[in-house]
Structure formats: C-alpha cells, structure tokens
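Below is final.cif, which holds mmCIF, C-alpha atoms.
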```
data_entry
#
loop_
_atom_site.group_PDB
_atom_site.id
_atom_site.type_symbol
_atom_site.label_atom_id
_atom_site.label_comp_id
_atom_site.auth_asym_id
_atom_site.auth_seq_id
_atom_site.Cartn_x
_atom_site.Cartn_y
_atom_site.Cartn_z
ATOM 1 C CA MET A 811 0.000 0.000 0.000
ATOM 2 C CA THR A 812 1.128 3.468 -0.680
ATOM 3 C CA ALA A 813 1.407 6.197 1.892
ATOM 4 C CA SER A 814 -1.577 8.110 0.470
ATOM 5 C CA LYS A 815 -3.855 5.068 0.859
ATOM 6 C CA ILE A 816 -2.676 4.550 4.445
ATOM 7 C CA LEU A 817 -3.246 8.234 5.278
ATOM 8 C CA ALA A 818 -6.710 8.105 3.697
ATOM 9 C CA ALA A 819 -7.615 5.006 5.737
ATOM 10 C CA VAL A 820 -6.385 6.647 8.956
ATOM 11 C CA ALA A 821 -8.349 9.821 8.184
ATOM 12 C CA VAL A 822 -11.544 7.846 7.575
ATOM 13 C CA ALA A 823 -11.017 5.875 10.808
ATOM 14 C CA LEU A 824 -10.483 9.065 12.819
ATOM 15 C CA LEU A 825 -13.531 10.670 11.272
ATOM 16 C CA ALA A 826 -15.666 7.654 12.098
ATOM 17 C CA ALA A 827 -14.354 7.529 15.672
ATOM 18 C CA THR A 828 -15.032 11.196 16.364
ATOM 19 C CA GLY A 829 -18.424 11.207 14.659
ATOM 20 C CA ALA A 830 -19.903 8.296 16.612
ATOM 21 C CA HIS A 831 -21.122 9.618 19.955
ATOM 22 C CA ALA A 832 -23.995 7.900 21.707
ATOM 23 C CA GLU A 833 -26.545 9.666 23.860
ATOM 24 C CA THR A 834 -26.916 8.688 27.460
ATOM 25 C CA TYR A 835 -30.207 7.743 29.055
ATOM 26 C CA ASP A 836 -30.996 9.715 32.192
ATOM 27 C CA GLY A 837 -34.185 7.874 33.067
ATOM 28 C CA VAL A 838 -37.647 9.353 33.526
ATOM 29 C CA HIS A 839 -37.620 12.877 34.877
ATOM 30 C CA THR A 840 -40.065 13.826 37.594
ATOM 31 C CA VAL A 841 -42.195 16.927 37.147
ATOM 32 C CA HIS A 842 -42.284 19.454 39.972
ATOM 33 C CA SER A 843 -45.205 21.770 39.216
ATOM 34 C CA THR A 844 -46.009 24.883 41.214
ATOM 35 C CA VAL A 845 -49.563 25.093 39.857
ATOM 36 C CA SER A 846 -52.474 23.271 41.468
ATOM 37 C CA ARG A 847 -54.802 20.905 39.584
ATOM 38 C CA ALA A 848 -57.681 23.380 39.799
ATOM 39 C CA GLU A 849 -55.592 26.140 38.199
ATOM 40 C CA VAL A 850 -54.453 23.811 35.409
ATOM 41 C CA GLU A 851 -58.061 22.757 34.781
ATOM 42 C CA SER A 852 -59.273 26.359 34.597
ATOM 43 C CA GLN A 853 -56.443 27.214 32.167
ATOM 44 C CA ALA A 854 -57.375 24.196 30.027
ATOM 45 C CA VAL A 855 -61.040 25.224 29.896
ATOM 46 C CA ALA A 856 -60.093 28.790 28.927
ATOM 47 C CA ALA A 857 -57.748 27.536 26.185
ATOM 48 C CA ALA A 858 -60.398 25.184 24.797
ATOM 49 C CA ARG A 859 -62.979 27.964 24.595
ATOM 50 C CA ALA A 860 -60.511 30.391 22.967
ATOM 51 C CA GLY A 861 -60.263 28.231 19.848
ATOM 52 C CA ASP A 862 -57.177 27.145 17.967
ATOM 53 C CA ALA A 863 -54.522 29.840 18.235
ATOM 54 C CA TYR A 864 -52.485 28.133 15.526
ATOM 55 C CA SER A 865 -55.260 27.687 12.980
ATOM 56 C CA GLU A 866 -55.137 29.169 9.514
ATOM 57 C CA GLY A 867 -57.691 31.406 7.883
ATOM 58 C CA ALA A 868 -59.205 28.514 5.947
ATOM 59 C CA THR A 869 -60.452 26.870 9.128
ATOM 60 C CA ALA A 870 -61.269 30.041 11.014
ATOM 61 C CA GLY A 871 -64.813 30.284 9.627
ATOM 62 C CA ALA A 872 -66.454 33.121 7.745
ATOM 63 C CA GLN A 873 -64.376 36.276 7.581
ATOM 64 C CA PRO A 874 -65.869 39.759 7.093
ATOM 65 C CA PHE A 875 -65.266 41.270 3.652
ATOM 66 C CA SER A 876 -66.078 44.683 2.271
ATOM 67 C CA SER A 877 -65.637 45.429 -1.411
ATOM 68 C CA THR A 878 -64.977 48.808 -2.981
ATOM 69 C CA VAL A 879 -66.078 47.711 -6.482
ATOM 70 C CA ASP A 880 -69.553 48.454 -7.776
ATOM 71 C CA ARG A 881 -71.872 45.441 -7.994
ATOM 72 C CA SER A 882 -72.803 46.127 -11.621
ATOM 73 C CA ALA A 883 -69.118 46.302 -12.636
ATOM 74 C CA VAL A 884 -68.434 42.926 -11.032
ATOM 75 C CA ARG A 885 -71.485 41.432 -12.746
ATOM 76 C CA ALA A 886 -70.491 42.849 -16.134
ATOM 77 C CA GLU A 887 -66.983 41.398 -15.770
ATOM 78 C CA ALA A 888 -68.405 37.998 -14.790
ATOM 79 C CA VAL A 889 -70.758 37.960 -17.789
ATOM 80 C CA ALA A 890 -67.907 38.910 -20.132
ATOM 81 C CA LYS A 891 -65.726 36.100 -18.746
ATOM 82 C CA ALA A 892 -68.578 33.605 -18.979
ATOM 83 C CA HIS A 893 -69.116 34.406 -22.665
ATOM 84 C CA ASP A 894 -65.407 34.299 -23.547
ATOM 85 C CA PRO A 895 -64.726 30.894 -25.178
ATOM 86 C CA LEU A 896 -60.972 31.177 -24.600
ATOM 87 C CA GLN A 897 -61.009 32.324 -20.984
ATOM 88 C CA SER A 898 -59.871 28.971 -19.605
ATOM 89 C CA LEU A 899 -56.765 28.694 -21.791
ATOM 90 C CA ASP A 900 -53.589 28.427 -19.774
ATOM 91 C CA ARG A 901 -50.343 29.017 -21.630
ATOM 92 C CA ARG A 902 -48.568 26.504 -19.380
ATOM 93 C CA ALA A 903 -50.628 23.721 -21.003
ATOM 94 C CA PHE A 904 -48.986 24.255 -24.391
ATOM 95 C CA TYR A 905 -45.576 23.478 -25.838
ATOM 96 C CA ARG A 906 -42.955 25.975 -24.654
ATOM 97 C CA ASP A 907 -45.642 27.879 -22.755
ATOM 98 C CA GLU A 908 -46.968 29.479 -25.922
ATOM 99 C CA VAL A 909 -50.645 29.446 -26.898
ATOM 100 C CA PRO A 910 -50.954 28.549 -30.602
ATOM 101 C CA GLN A 911 -52.185 31.238 -32.979
ATOM 102 C CA ALA A 912 -55.330 29.199 -33.699
ATOM 103 C CA TYR A 913 -56.445 29.763 -30.103
ATOM 104 C CA LYS A 914 -55.614 33.442 -29.873
ATOM 105 C CA LYS A 915 -58.296 36.006 -30.489
ATOM 106 C CA PRO A 916 -57.578 38.419 -33.313
ATOM 107 C CA SER A 917 -57.270 42.003 -32.199
ATOM 108 C CA VAL A 918 -59.310 43.185 -35.195
ATOM 109 C CA SER A 919 -61.809 41.029 -37.042
ATOM 110 C CA PHE A 920 -62.524 41.605 -40.704
ATOM 111 C CA THR A 921 -65.402 40.093 -42.579
ATOM 112 C CA ARG A 922 -64.962 39.299 -46.242
ATOM 113 C CA GLN A 923 -67.633 40.122 -48.732
ATOM 114 C CA ALA A 924 -68.390 37.736 -51.539
ATOM 115 C CA GLY A 925 -67.258 39.151 -54.882
ATOM 116 C CA LEU A 926 -69.960 39.586 -57.511
#
```
Show me this structure written as structure tokens.
Amino acid sequence: MTASKILAAVAVALLAATGAHAETYDGVHTVHSTVSRAEVESQAVAAARAGDAYSEGATAGAQPFSSTVDRSAVRAEAVAKAHDPLQSLDRRAFYRDEVPQAYKKPSVSFTRQAGL
C-alpha cells in the first residue's frame, strides 16, 4: 500500500471515531409543578374555549369582507368572462408555454364580402 492510501484510511477511521457519539439515558424525569390541579383545569377550559390559536384562515370560519367595487361592474366582468370561449386557456398547457395562434383572439376582425 502506498502512503496516500494509508493516510486516507487513517483519516476515515479518525472521522468515524469522532463522529460516533452515543446519547446517554438519564431515566424518567419527575415533574415538579407549582400550579395546582384546579388552576391547570381552569387554564385548560379557557384555552379550549378560545379556539385554535395556531389555525389558519381557511379553518377560522367566515371572515368579514367589504368590497370597494360596484356590484354592476363585477357582474359585467363575470358575464364577459362567462361568454369568452378562450377564458380557460392556460399558456402553461402548451408546448414551450406558448398558446398557438389558432387559439388566440384576433385584435381586429374583418369580414370578407363575396365578390360579384
């Protein structure tokens, strides 16, 4: 064996020896509380009635909302979206994130007249 292989083996052995430390078991710890059972029970009842302090808005129930947009403007926008045949197109669904020309609405539409 060469010296570099021996040094590498020694380095790996030292690394393994220093990295392997086991935890010690101290047994079951006893709890020394300064609060009486009645106080703990009253705190538990208060916490249960307060609701979940860590909940998210989705589970918090109905939230108040006030809009600044006129009702008729919202309705007109909804009707326009409902009548738009291409409103559900998502460019991520197409190759290289590009909607094909066949699906794009022309900015100006021209009608052709039949020649007589």
To one decimal place in Å, what is the distance between CA of Ser898 (chain A) and CA of Tyr913 (chain A)?
11.1 Å
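Taking CA of Ser852 (chain A) as the reference point, CA of Thr840 (chain A) is found at 23.1 Å.
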Please determine an axis-aligned box that encloses all atoms of region 883-900 of chain A listed in the file, with 8 Å added on each side, and express its centre and edge lengths in Å to one decimal as lines of an AutoDock Vina configuration file.
```
center_x = -62.5
center_y = 37.4
center_z = -18.1
size_x = 33.9
size_y = 33.9
size_z = 30.1
```
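A straight line drawn from CA of Gln873 (chain A) to CA of Glu887 (chain A) is 24.0 Å long.
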